file input-v4.tsv (TSV, C-alpha atoms)
chain	number	residue	atom	x	y	z
A	1393	MET	CA	-46.52	162.77	223.92
A	1394	LYS	CA	-44.37	165.81	223.24
A	1395	CYS	CA	-44.28	168.11	220.21
A	1396	LEU	CA	-41.74	170.78	219.38
A	1397	ILE	CA	-42.64	173.57	216.96
A	1398	ILE	CA	-39.52	175.19	215.55
A	1399	TYR	CA	-40.28	178.43	213.77
A	1400	PHE	CA	-38.99	181.72	212.50
A	1401	THR	CA	-41.20	184.77	212.43
A	1402	GLY	CA	-40.55	188.15	210.83
A	1403	THR	CA	-43.53	190.33	211.70
A	1404	ASN	CA	-45.32	187.81	213.97
A	1405	ASN	CA	-47.57	186.19	211.33
A	1406	THR	CA	-45.84	182.84	211.79
A	1407	LYS	CA	-45.88	183.27	215.56
A	1408	PHE	CA	-49.66	183.78	215.36
A	1409	LEU	CA	-49.97	180.59	213.27
A	1410	VAL	CA	-47.74	178.60	215.65
A	1411	ASN	CA	-49.85	179.63	218.64
A	1412	LYS	CA	-52.97	178.44	216.81
A	1413	ILE	CA	-51.39	175.05	216.06
A	1414	LYS	CA	-50.14	174.70	219.64
A	1415	GLU	CA	-53.58	175.58	221.02
A	1416	ARG	CA	-55.34	172.97	218.85
A	1417	LEU	CA	-52.85	170.17	219.56
A	1418	GLU	CA	-53.26	170.71	223.29
A	1419	GLN	CA	-57.04	171.13	223.11
A	1420	GLU	CA	-57.25	167.78	221.37
A	1421	ASN	CA	-54.98	166.24	224.03
A	1422	LEU	CA	-52.68	165.01	221.29
A	1423	TYR	CA	-49.40	166.55	222.45
A	1424	PHE	CA	-47.81	168.71	225.06
A	1425	VAL	CA	-46.29	171.44	222.89
A	1426	GLU	CA	-43.09	173.43	223.24
A	1427	THR	CA	-42.14	176.19	220.81
A	1428	LEU	CA	-38.76	177.48	219.70
A	1429	ASN	CA	-38.47	180.82	217.91
A	1430	ILE	CA	-35.25	180.96	215.88
A	1431	ASP	CA	-33.00	184.00	215.83
A	1432	SER	CA	-29.26	184.59	215.52
A	1433	THR	CA	-28.70	183.64	219.17
A	1434	SER	CA	-30.50	180.27	219.03
A	1435	ILE	CA	-28.45	177.27	220.07
A	1436	LYS	CA	-28.81	173.75	218.68
A	1437	ILE	CA	-31.56	171.74	220.38
A	1438	ASP	CA	-31.73	167.99	221.02
A	1439	LEU	CA	-34.78	166.54	219.24
A	1440	ASP	CA	-34.64	163.12	220.92
A	1441	ASN	CA	-37.24	163.95	223.57
A	1442	PHE	CA	-39.96	164.84	221.07
A	1443	ASP	CA	-42.42	162.59	219.26
A	1444	LEU	CA	-43.48	165.20	216.70
A	1445	ILE	CA	-41.54	168.09	215.16
A	1446	ILE	CA	-43.37	170.88	213.33
A	1447	LEU	CA	-41.32	173.24	211.15
A	1448	SER	CA	-43.01	176.57	210.53
A	1449	TYR	CA	-41.74	179.55	208.57
A	1450	PRO	CA	-42.72	182.44	206.26
A	1451	ILE	CA	-41.89	181.93	202.59
A	1452	TYR	CA	-39.37	184.48	201.31
A	1453	ALA	CA	-39.13	184.51	197.50
A	1454	PHE	CA	-40.03	180.79	197.22
A	1455	ASN	CA	-37.50	179.82	199.91
A	1456	PRO	CA	-37.43	179.48	203.68
A	1457	PRO	CA	-35.57	182.27	205.50
A	1458	VAL	CA	-31.87	181.48	205.38
A	1459	ILE	CA	-31.55	181.60	209.17
A	1460	PHE	CA	-34.27	178.96	209.49
A	1461	GLU	CA	-32.88	176.72	206.78
A	1462	LYS	CA	-29.37	176.78	208.29
A	1463	TYR	CA	-30.70	176.02	211.75
A	1464	ILE	CA	-32.69	172.98	210.59
A	1465	LYS	CA	-29.74	171.76	208.52
A	1466	ASN	CA	-27.66	171.48	211.70
A	1467	LEU	CA	-30.25	169.46	213.63
A	1468	LYS	CA	-30.50	165.68	213.81
A	1469	PHE	CA	-33.96	164.11	213.50
A	1470	LYS	CA	-34.61	160.69	215.02
A	1471	ILE	CA	-35.31	157.75	212.73
A	1472	ASN	CA	-39.07	157.58	212.08
A	1473	GLN	CA	-39.66	160.78	214.06
A	1474	LYS	CA	-42.86	162.42	212.82
A	1475	VAL	CA	-42.39	165.78	211.07
A	1476	ILE	CA	-44.90	168.28	209.72
A	1477	ILE	CA	-44.12	171.39	207.69
A	1478	ALA	CA	-46.47	174.33	208.27
A	1479	LYS	CA	-45.36	177.19	206.02
A	1480	GLN	CA	-47.16	180.46	205.35
A	1481	SER	CA	-47.21	183.21	202.76
A	1482	GLY	CA	-49.41	186.02	201.49
A	1483	GLU	CA	-50.59	184.20	198.37
A	1484	PRO	CA	-51.24	180.61	197.21
A	1485	LEU	CA	-48.82	180.57	194.29
A	1486	PHE	CA	-47.96	177.06	193.12
A	1487	LEU	CA	-44.30	178.13	193.01
A	1488	ASN	CA	-44.31	178.35	196.81
A	1489	ASN	CA	-44.34	174.55	196.94
A	1490	SER	CA	-40.62	174.50	196.24
A	1491	SER	CA	-39.76	176.38	199.43
A	1492	SER	CA	-39.69	173.18	201.49
A	1493	TYR	CA	-37.61	170.98	199.17
A	1494	ARG	CA	-34.31	171.35	201.01
A	1495	LEU	CA	-36.03	170.85	204.36
A	1496	ILE	CA	-37.64	167.66	203.02
A	1497	LYS	CA	-34.25	166.50	201.79
A	1498	LYS	CA	-32.85	166.94	205.29
A	1499	ILE	CA	-35.80	165.07	206.85
A	1500	LYS	CA	-35.33	162.17	204.45
A	1501	LYS	CA	-31.57	162.11	204.99
A	1502	ASP	CA	-32.13	161.60	208.72
A	1503	LYS	CA	-34.80	158.94	207.97
A	1504	ALA	CA	-37.48	160.83	209.85
A	1505	LYS	CA	-41.11	160.47	208.76
A	1506	LEU	CA	-42.60	163.45	206.94
A	1507	ILE	CA	-46.37	163.35	207.45
A	1508	ASN	CA	-47.33	166.25	205.20
A	1509	GLU	CA	-46.80	169.94	204.53
A	1510	TYR	CA	-49.47	172.61	204.84
A	1511	HIS	CA	-49.50	176.05	203.24
A	1512	PHE	CA	-51.34	178.61	205.37
A	1513	LEU	CA	-52.26	182.09	204.13
A	1514	LEU	CA	-51.55	185.24	206.12
A	1515	PRO	CA	-51.21	188.93	205.20
A	1516	TYR	CA	-48.27	190.53	203.44
A	1517	ASN	CA	-45.75	192.55	205.41
A	1518	ILE	CA	-44.47	194.06	202.15
A	1519	HIS	CA	-45.91	194.97	198.71
A	1520	PHE	CA	-49.24	196.28	200.04
A	1521	ARG	CA	-51.39	196.13	203.16
A	1522	TYR	CA	-54.23	193.62	203.44
A	1523	GLU	CA	-57.64	194.86	204.53
A	1524	ASP	CA	-59.12	193.37	207.69
A	1525	ASN	CA	-61.98	191.66	205.86
A	1526	PHE	CA	-59.53	189.93	203.53
A	1527	ILE	CA	-57.47	188.75	206.52
A	1528	LYS	CA	-60.68	187.40	208.05
A	1529	GLU	CA	-61.31	185.42	204.86
A	1530	LEU	CA	-57.79	184.01	205.01
A	1531	PHE	CA	-58.40	183.04	208.65
A	1532	ASN	CA	-61.53	181.13	207.63
A	1533	TYR	CA	-59.38	179.21	205.15
A	1534	ASP	CA	-56.60	178.64	207.70
A	1535	LYS	CA	-59.02	177.28	210.30
A	1536	LYS	CA	-60.22	174.63	207.85
A	1537	LEU	CA	-56.64	173.78	206.90
A	1538	LEU	CA	-55.74	173.41	210.58
A	1539	ASP	CA	-58.75	171.10	211.05
A	1540	ILE	CA	-57.40	169.04	208.16
A	1541	LEU	CA	-53.92	168.95	209.71
A	1542	ILE	CA	-55.36	167.70	213.02
A	1543	TYR	CA	-57.56	165.12	211.29
A	1544	GLU	CA	-54.69	163.70	209.25
A	1545	LEU	CA	-52.44	163.61	212.30
A	1546	LYS	CA	-55.08	161.80	214.37
A	1547	ASN	CA	-55.65	159.24	211.63
A	1548	ASN	CA	-51.95	158.65	210.99
A	1549	TYR	CA	-52.13	159.84	207.40
A	1550	SER	CA	-48.83	160.26	205.60
A	1551	PHE	CA	-48.29	161.79	202.16
A	1552	LYS	CA	-45.42	161.71	199.72
A	1553	ILE	CA	-44.42	165.19	198.56
A	1554	LYS	CA	-43.79	165.14	194.80
A	1555	TYR	CA	-40.53	166.69	193.68
A	1556	ASN	CA	-40.74	169.02	190.70
A	1557	PRO	CA	-37.33	169.92	189.21
A	1558	LEU	CA	-38.71	173.07	187.56
A	1559	LEU	CA	-39.98	174.31	190.93
A	1560	ALA	CA	-36.64	173.46	192.48
A	1561	LEU	CA	-34.89	175.50	189.79
A	1562	ASN	CA	-37.24	178.41	190.47
A	1563	SER	CA	-36.42	178.25	194.17
A	1564	PHE	CA	-32.70	178.21	193.40
A	1565	ILE	CA	-32.97	181.23	191.09
A	1566	PHE	CA	-34.90	183.27	193.63
A	1567	LYS	CA	-32.27	182.64	196.28
A	1568	ILE	CA	-30.82	185.83	194.85
A	1569	GLN	CA	-33.23	187.57	197.22
A	1570	ARG	CA	-30.84	186.65	200.01
A	1571	ILE	CA	-28.05	188.58	198.32
A	1572	GLY	CA	-30.51	191.36	197.63
A	1573	GLY	CA	-31.19	191.63	201.35
A	1574	VAL	CA	-27.49	192.14	202.05
A	1575	ILE	CA	-27.13	194.76	199.32
A	1576	ASN	CA	-30.35	196.58	200.12
A	1577	SER	CA	-29.46	196.81	203.82
A	1578	TYR	CA	-26.75	199.34	202.90
A	1579	PHE	CA	-29.54	201.66	201.75
A	1580	PHE	CA	-31.69	201.44	204.88
A	1581	ARG	CA	-32.06	204.89	206.43
A	1582	VAL	CA	-33.69	206.44	209.48
A	1583	ASP	CA	-35.71	209.63	209.17
A	1584	TYR	CA	-34.60	211.37	212.35
A	1585	SER	CA	-37.35	213.96	212.01
A	1586	LYS	CA	-39.73	211.06	212.83
A	1587	CYS	CA	-37.55	208.76	214.95
A	1588	ILE	CA	-38.27	208.85	218.69
A	1589	MET	CA	-35.21	206.74	219.56
A	1590	CYS	CA	-37.29	203.98	221.13
A	1591	GLN	CA	-34.73	201.55	219.68
A	1592	LYS	CA	-37.47	199.00	219.08
A	1593	CYS	CA	-35.83	198.14	215.75
A	1594	ILE	CA	-32.53	197.38	217.52
A	1595	LYS	CA	-34.09	195.26	220.28
A	1596	ASN	CA	-36.28	193.21	217.95
A	1597	CYS	CA	-33.98	192.49	214.98
A	1598	PRO	CA	-33.63	188.68	214.79
A	1599	MET	CA	-30.15	188.99	213.28
A	1600	LYS	CA	-28.87	191.65	215.72
A	1601	ASN	CA	-28.16	193.57	212.53
A	1602	ILE	CA	-29.08	197.03	213.84
A	1603	ILE	CA	-27.04	198.96	216.39
A	1604	PHE	CA	-26.95	202.38	217.99
A	1605	ASP	CA	-23.63	204.09	217.36
A	1606	GLN	CA	-22.68	206.00	220.49
A	1607	LYS	CA	-20.24	208.24	218.65
A	1608	SER	CA	-22.55	209.48	215.92
A	1609	LYS	CA	-25.73	208.99	217.99
A	1610	LYS	CA	-27.30	207.30	215.00
A	1611	ILE	CA	-28.89	203.96	214.20
A	1612	ILE	CA	-26.68	201.83	211.97
A	1613	PHE	CA	-27.75	198.92	209.75
A	1614	HIS	CA	-25.21	196.19	209.03
A	1615	SER	CA	-25.20	193.62	206.23
A	1616	HIS	CA	-26.91	190.56	207.74
A	1617	CYS	CA	-30.44	191.60	206.82
A	1618	LEU	CA	-32.99	188.83	206.13
A	1619	MET	CA	-35.54	191.25	204.66
A	1620	CYS	CA	-38.00	190.13	207.34
A	1621	MET	CA	-39.24	193.74	207.56
A	1622	ARG	CA	-39.66	193.56	211.33
A	1623	CYS	CA	-37.88	196.87	211.88
A	1624	SER	CA	-39.82	198.97	209.35
A	1625	PHE	CA	-43.13	197.14	209.83
A	1626	ASN	CA	-43.17	197.71	213.60
A	1627	CYS	CA	-41.62	201.19	213.72
A	1628	PRO	CA	-44.14	203.25	215.74
A	1629	THR	CA	-43.44	206.44	213.77
A	1630	ASN	CA	-42.75	204.94	210.33
A	1631	ALA	CA	-39.23	206.38	210.46
A	1632	ILE	CA	-37.32	203.61	208.67
A	1633	LYS	CA	-36.75	203.76	204.92
A	1634	ILE	CA	-36.04	200.37	203.33
A	1635	GLY	CA	-33.86	201.25	200.36
A	1636	PHE	CA	-34.94	200.00	196.94
A	1637	LEU	CA	-38.16	198.57	198.41
A	1638	GLU	CA	-39.42	201.79	199.97
A	1639	SER	CA	-42.38	201.98	197.57
A	1640	TRP	CA	-43.46	198.49	198.77
A	1641	LYS	CA	-43.16	199.24	202.48
A	1642	VAL	CA	-45.99	198.30	204.83
A	1643	ASN	CA	-45.93	199.94	208.25
A	1644	GLY	CA	-48.00	199.12	211.31
A	1645	GLU	CA	-48.70	195.71	212.84
A	1646	TYR	CA	-51.82	193.78	211.97
A	1647	LYS	CA	-54.16	193.24	214.92
A	1648	LEU	CA	-54.46	189.56	214.07
A	1649	SER	CA	-56.08	188.41	217.32
A	1650	GLU	CA	-58.65	191.18	217.15
A	1651	ILE	CA	-59.47	190.40	213.52
A	1652	ASP	CA	-59.75	186.71	214.34
A	1653	LYS	CA	-62.30	187.40	217.11
A	1654	ASN	CA	-64.25	190.05	215.19
A	1655	ASP	CA	-67.47	188.34	214.06
A	1656	GLU	CA	-68.67	191.53	212.37
A	1657	LEU	CA	-66.13	190.95	209.59
A	1658	LYS	CA	-67.86	188.82	206.97
A	1659	GLY	CA	-64.76	187.31	205.42
A	1660	ASP	CA	-66.18	187.75	201.92
A	1661	TYR	CA	-63.54	190.07	200.50
A	1662	LEU	CA	-62.92	188.01	197.35
A	1663	LEU	CA	-66.53	188.33	196.20
A	1664	THR	CA	-65.89	191.93	195.18
A	1665	HIS	CA	-62.15	191.79	194.46
A	1666	LYS	CA	-61.40	189.89	191.28
A	1667	THR	CA	-58.29	191.48	189.84
A	1668	ASN	CA	-55.45	189.25	188.61
A	1669	PHE	CA	-53.84	189.03	192.06
A	1670	PHE	CA	-57.02	188.04	193.87
A	1671	LYS	CA	-57.86	185.47	191.20
A	1672	LEU	CA	-55.06	183.38	192.70
A	1673	PHE	CA	-57.05	182.57	195.82
A	1674	PRO	CA	-60.38	180.89	194.89
A	1675	LYS	CA	-58.73	177.81	193.37
A	1676	GLN	CA	-56.75	177.07	196.53
A	1677	ILE	CA	-59.69	177.90	198.80
A	1678	ASN	CA	-61.98	175.58	196.83
A	1679	LYS	CA	-59.37	172.83	197.00
A	1680	ILE	CA	-59.29	173.05	200.78
A	1681	ASN	CA	-63.10	173.24	200.97
A	1682	LYS	CA	-63.38	169.99	198.99
A	1683	LEU	CA	-60.90	168.20	201.23
A	1684	TYR	CA	-62.62	169.58	204.33
A	1685	ASP	CA	-65.99	168.30	203.09
A	1686	LYS	CA	-64.46	164.91	202.37
A	1687	TYR	CA	-63.22	164.58	205.95
A	1688	PHE	CA	-65.98	166.29	207.91
A	1689	ASN	CA	-69.15	166.30	205.81
A	1690	LYS	CA	-69.22	162.67	204.71
A	1691	ASN	CA	-73.00	162.46	204.85
call {"tool": "encode", "arguments": {"input": "input-v4.tsv", "output": "structure tokens"}}
result
Amino acid sequence: MKCLIIYFTGTNNTKFLVNKIKERLEQENLYFVETLNIDSTSIKIDLDNFDLIILSYPIYAFNPPVIFEKYIKNLKFKINQKVIIAKQSGEPLFLNNSSSYRLIKKIKKDKAKLINEYHFLLPYNIHFRYEDNFIKELFNYDKKLLDILIYELKNNYSFKIKYNPLLALNSFIFKIQRIGGVINSYFFRVDYSKCIMCQKCIKNCPMKNIIFDQKSKKIIFHSHCLMCMRCSFNCPTNAIKIGFLESWKVNGEYKLSEIDKNDELKGDYLLTHKTNFFKLFPKQINKINKLYDKYFNKN
């Protein structure tokens, strides 16, 4: 059988997750997997040849990225086609549950079969940088959640996602972030004392929002910014200033594969970090541990 994973990635966290899902599905001989990374040049794809569709995206202010949402809206799912949502964010806030509501509405409209949605945890690309040991702890959580996804898929489990109007309202309110991205993009600047003109930001922008102006010999930012942070996050010399969010900027890619393979990292970061932010995590981690034990430690 064939599976298509449609995803958008800003700073490659979601791409890392998608590769993990693809690897497991093929290891288990469940599906042959194709992947489709959405950007502004992506053309509409025919879903008829696929038995399973997985939608994967980073959560931006309790919503999917607008480019991803618009792309899915224009697709046509088959009747009874299996669909899984695999979203990811930097924290397990309950409010993140609303990010998939409009996607679920589309799936139901086309009479496809939503199996379940899964919320994976990966590091922030804005606000502050996650330490490697914390990322390792999130990976331990994600591996169990992926085991659960595979188990439920194998056993033909299907779950009804409960609609919460208050969460939906929250998601609608925070759509203002999309306008904020457009406004803030006018304040993006390049520090030419640092810039080496590698043009990595131009080549990698998913919206083709950044250009090199031949006349002024400067890098120009237009107004189609998604706030994915790919340009500033991956700038090799930290030369891009991100307007009003400069104090929240994180620069430098996470070595996710290296962290994942590093067995010297204990993955026990939360034992010694118990501030208000980190108190968000144990409840969700314990919830997944209980479900994991139910499926895999029945004795």
call {"tool": "residues_around", "arguments": {"input": "input-v4.tsv", "residues": "region 1456-1466 of chain A", "least_positions_apart": "4", "cutoff": "6 Å", "atoms": "only C-alpha atoms", "output": "MDAnalysis selection string"}}
result
chainID A and resid 1451:1452 1491
call {"tool": "closest_residue", "arguments": {"input": "input-v4.tsv", "among": "A:Phe1442, A:Phe1604, A:Tyr1543, A:Tyr1646", "to": "Gln1591 (chain A)", "atoms": "all atoms listed in the file"}}
result
A:Phe1604
call {"tool": "closest_residue", "arguments": {"input": "input-v4.tsv", "among": "A:Tyr1684, A:Phe1400, A:Phe1531, A:Phe1520", "to": "Asp1655 (chain A)", "atoms": "all atoms listed in the file"}}
result
A:Phe1531
call {"tool": "atom_distance", "arguments": {"input": "input-v4.tsv", "atom1": "CA of Ser1481 (chain A)", "atom2": "CA of Met1619 (chain A)"}}
result
14.3 Å
call {"tool": "closest_residue", "arguments": {"input": "input-v4.tsv", "among": "A:Lys1479, A:Lys1468, A:Lys1436, A:Lys1528", "to": "Lys1647 (chain A)", "atoms": "all atoms listed in the file"}}
result
A:Lys1528
call {"tool": "residues_around", "arguments": {"input": "input-v4.tsv", "residues": "Leu1506 (chain A)", "least_positions_apart": "4", "cutoff": "12 Å", "atoms": "all atoms listed in the file", "output": "JSON, numbers by chain"}}
result
{"A": [1444, 1445, 1446, 1447, 1469, 1470, 1471, 1472, 1473, 1474, 1475, 1476, 1477, 1478, 1492, 1493, 1495, 1496, 1497, 1498, 1499, 1500, 1501, 1502, 1510, 1545, 1548, 1549, 1550, 1551, 1552, 1553]}
call {"tool": "closest_residue", "arguments": {"input": "input-v4.tsv", "among": "A:Pro1515, A:Met1589, A:Leu1662, A:Tyr1423", "to": "Ile1527 (chain A)", "atoms": "all atoms listed in the file"}}
result
A:Pro1515
call {"tool": "atom_distance", "arguments": {"input": "input-v4.tsv", "atom1": "CA of Leu1467 (chain A)", "atom2": "CA of Lys1505 (chain A)"}}
result
14.9 Å
call {"tool": "residues_around", "arguments": {"input": "input-v4.tsv", "residues": "Cys1597 (chain A)", "least_positions_apart": "4", "cutoff": "12 Å", "atoms": "only C-alpha atoms", "output": "JSON, numbers by chain"}}
result
{"A": [1401, 1402, 1403, 1430, 1431, 1432, 1433, 1591, 1592, 1593, 1601, 1602, 1603, 1613, 1614, 1616, 1617, 1618, 1619, 1620, 1621, 1622, 1623, 1624, 1625, 1626, 1627]}
call {"tool": "residues_around", "arguments": {"input": "input-v4.tsv", "residues": "region 1675-1682 of chain A", "least_positions_apart": "5", "cutoff": "9 Å", "atoms": "only C-alpha atoms", "output": "ChimeraX atom specification"}}
result
/A:1484-1485,1530,1533,1536-1537,1540,1687
call {"tool": "atom_distance", "arguments": {"input": "input-v4.tsv", "atom1": "CA of Asn1525 (chain A)", "atom2": "CA of Pro1674 (chain A)"}}
result
15.5 Å
call {"tool": "build_atoms", "arguments": {"input": "input-v4.tsv", "residues": "region 1480-1495 of chain A", "atoms": "N, CA and C atoms", "output": "CSV table (one decimal), keeping the file's coordinate frame"}}
result
chain,number,residue,atom,x,y,z
A,1480,GLN,N,-46.1,179.4,205.6
A,1480,GLN,CA,-47.2,180.5,205.4
A,1480,GLN,C,-46.6,181.5,204.4
A,1481,SER,N,-47.6,182.1,203.6
A,1481,SER,CA,-47.2,183.2,202.8
A,1481,SER,C,-48.5,184.0,202.5
A,1482,GLY,N,-48.3,185.1,201.7
A,1482,GLY,CA,-49.4,186.0,201.5
A,1482,GLY,C,-50.2,185.7,200.3
A,1483,GLU,N,-49.8,184.6,199.6
A,1483,GLU,CA,-50.6,184.2,198.4
A,1483,GLU,C,-50.4,182.7,198.1
A,1484,PRO,N,-51.3,182.1,197.4
A,1484,PRO,CA,-51.2,180.6,197.2
A,1484,PRO,C,-50.6,180.2,195.9
A,1485,LEU,N,-49.5,180.9,195.5
A,1485,LEU,CA,-48.8,180.6,194.3
A,1485,LEU,C,-48.3,179.1,194.3
A,1486,PHE,N,-48.5,178.4,193.2
A,1486,PHE,CA,-48.0,177.1,193.1
A,1486,PHE,C,-46.4,177.0,193.3
A,1487,LEU,N,-45.8,178.1,192.9
A,1487,LEU,CA,-44.3,178.1,193.0
A,1487,LEU,C,-43.8,178.1,194.5
A,1488,ASN,N,-44.7,178.4,195.4
A,1488,ASN,CA,-44.3,178.4,196.8
A,1488,ASN,C,-44.1,176.9,197.3
A,1489,ASN,N,-44.5,175.9,196.5
A,1489,ASN,CA,-44.3,174.6,196.9
A,1489,ASN,C,-42.9,174.2,197.0
A,1490,SER,N,-42.0,174.9,196.3
A,1490,SER,CA,-40.6,174.5,196.2
A,1490,SER,C,-39.9,175.0,197.5
A,1491,SER,N,-40.5,175.8,198.3
A,1491,SER,CA,-39.8,176.4,199.4
A,1491,SER,C,-39.3,175.3,200.4
A,1492,SER,N,-40.0,174.2,200.5
A,1492,SER,CA,-39.7,173.2,201.5
A,1492,SER,C,-38.8,172.1,201.0
A,1493,TYR,N,-38.3,172.1,199.7
A,1493,TYR,CA,-37.6,171.0,199.2
A,1493,TYR,C,-36.3,170.6,199.9
A,1494,ARG,N,-35.6,171.6,200.3
A,1494,ARG,CA,-34.3,171.4,201.0
A,1494,ARG,C,-34.6,170.9,202.4
A,1495,LEU,N,-35.7,171.3,203.0
A,1495,LEU,CA,-36.0,170.8,204.4
A,1495,LEU,C,-36.4,169.4,204.3
